[in-house]
Amino acid sequence: MRFEKIDIDNVLIDVKKISVTYIDIIVAVGVINNAKNILKTMKDINKLLQEDGYVFLVEAVGESAPMLISQAFMMQETNDERKEGNLTFLLIEQWYDIFAKSGFKVIDRFPDGNSCLTMFNQRLFVLQKEKEYV
């Protein structure tokens with residue numbers, strides 16, 4: 001197992017520097033929402049994964065006071081739909097749209113449904129690279 005710290009806005013460039021030939025799994029917790037352009041970053045991540053690769057992604061879904069208080073002031077300016085919609089964090093429907101546009105299918109998500117944890121506006125998404133996107 002190998003771990004690397006990568007610049008989320010320059011994923012493809014950073015990976016070339018570390019000479020990785022294939023990646024099976026990417027784990028990103030609370031980092032993708034700080035990319036300048038989430039769709040571009042997710043497309044770049046997709047390019048890094050081998051055909052049946054997975055992404056475990058934990059992100060905020062929608063605006064919430066605790067997240068805005070603790071993170072919003074540290075985030076960089078965006079150039080995607082968050083800027084257009086004056087949002088800090090994407091809504092859950094926007095995440096699903098980005099996953100589809102960047103070649104990922106959602107295998108699982110947590111919490112979902114009636115879980116008391118949904119009130120925290122955080123989700124774990126388990127994504128798999130779509131074979132058609134290869």
# chains A, B, ... in the order shown; residues from 1 in each chain; ligands from 1

$ residues_around --residues "stretch 119-127 of chain A" --least-positions-apart "4" --cutoff "12 Å" --atoms "only C-alpha atoms" --output "PyMOL selection string"
chain A and resi 24-30+33+42+45-46+49+52-68+89-92+95-96+98-100+102-115

$ select_by_dssp --residues "chain A" --states "strand (DSSP E)" --output "ChimeraX atom specification"
/A:23-29,49-60,104-110,122-129

$ closest_residue --among "A:Ile23, A:Ile38, A:Glu132, A:Gln50" --to "A:Lys83" --atoms "only C-alpha atoms"
A:Ile38

$ select_by_dssp --residues "stretch 28-96 of chain A" --states "helix (DSSP H, G or I)" --output "PyMOL selection string"
chain A and resi 32-34+38-48+65-70+72-74+81-84+92-96

$ closest_residue --among "A:Asn79, A:Gln128, A:Thr21, A:Thr88" --to "A:Lys36" --atoms "only C-alpha atoms"
A:Asn79

$ atom_distance --atom1 "atom CA of A:Lys101" --atom2 "atom CA of A:Val11"
17.8 Å
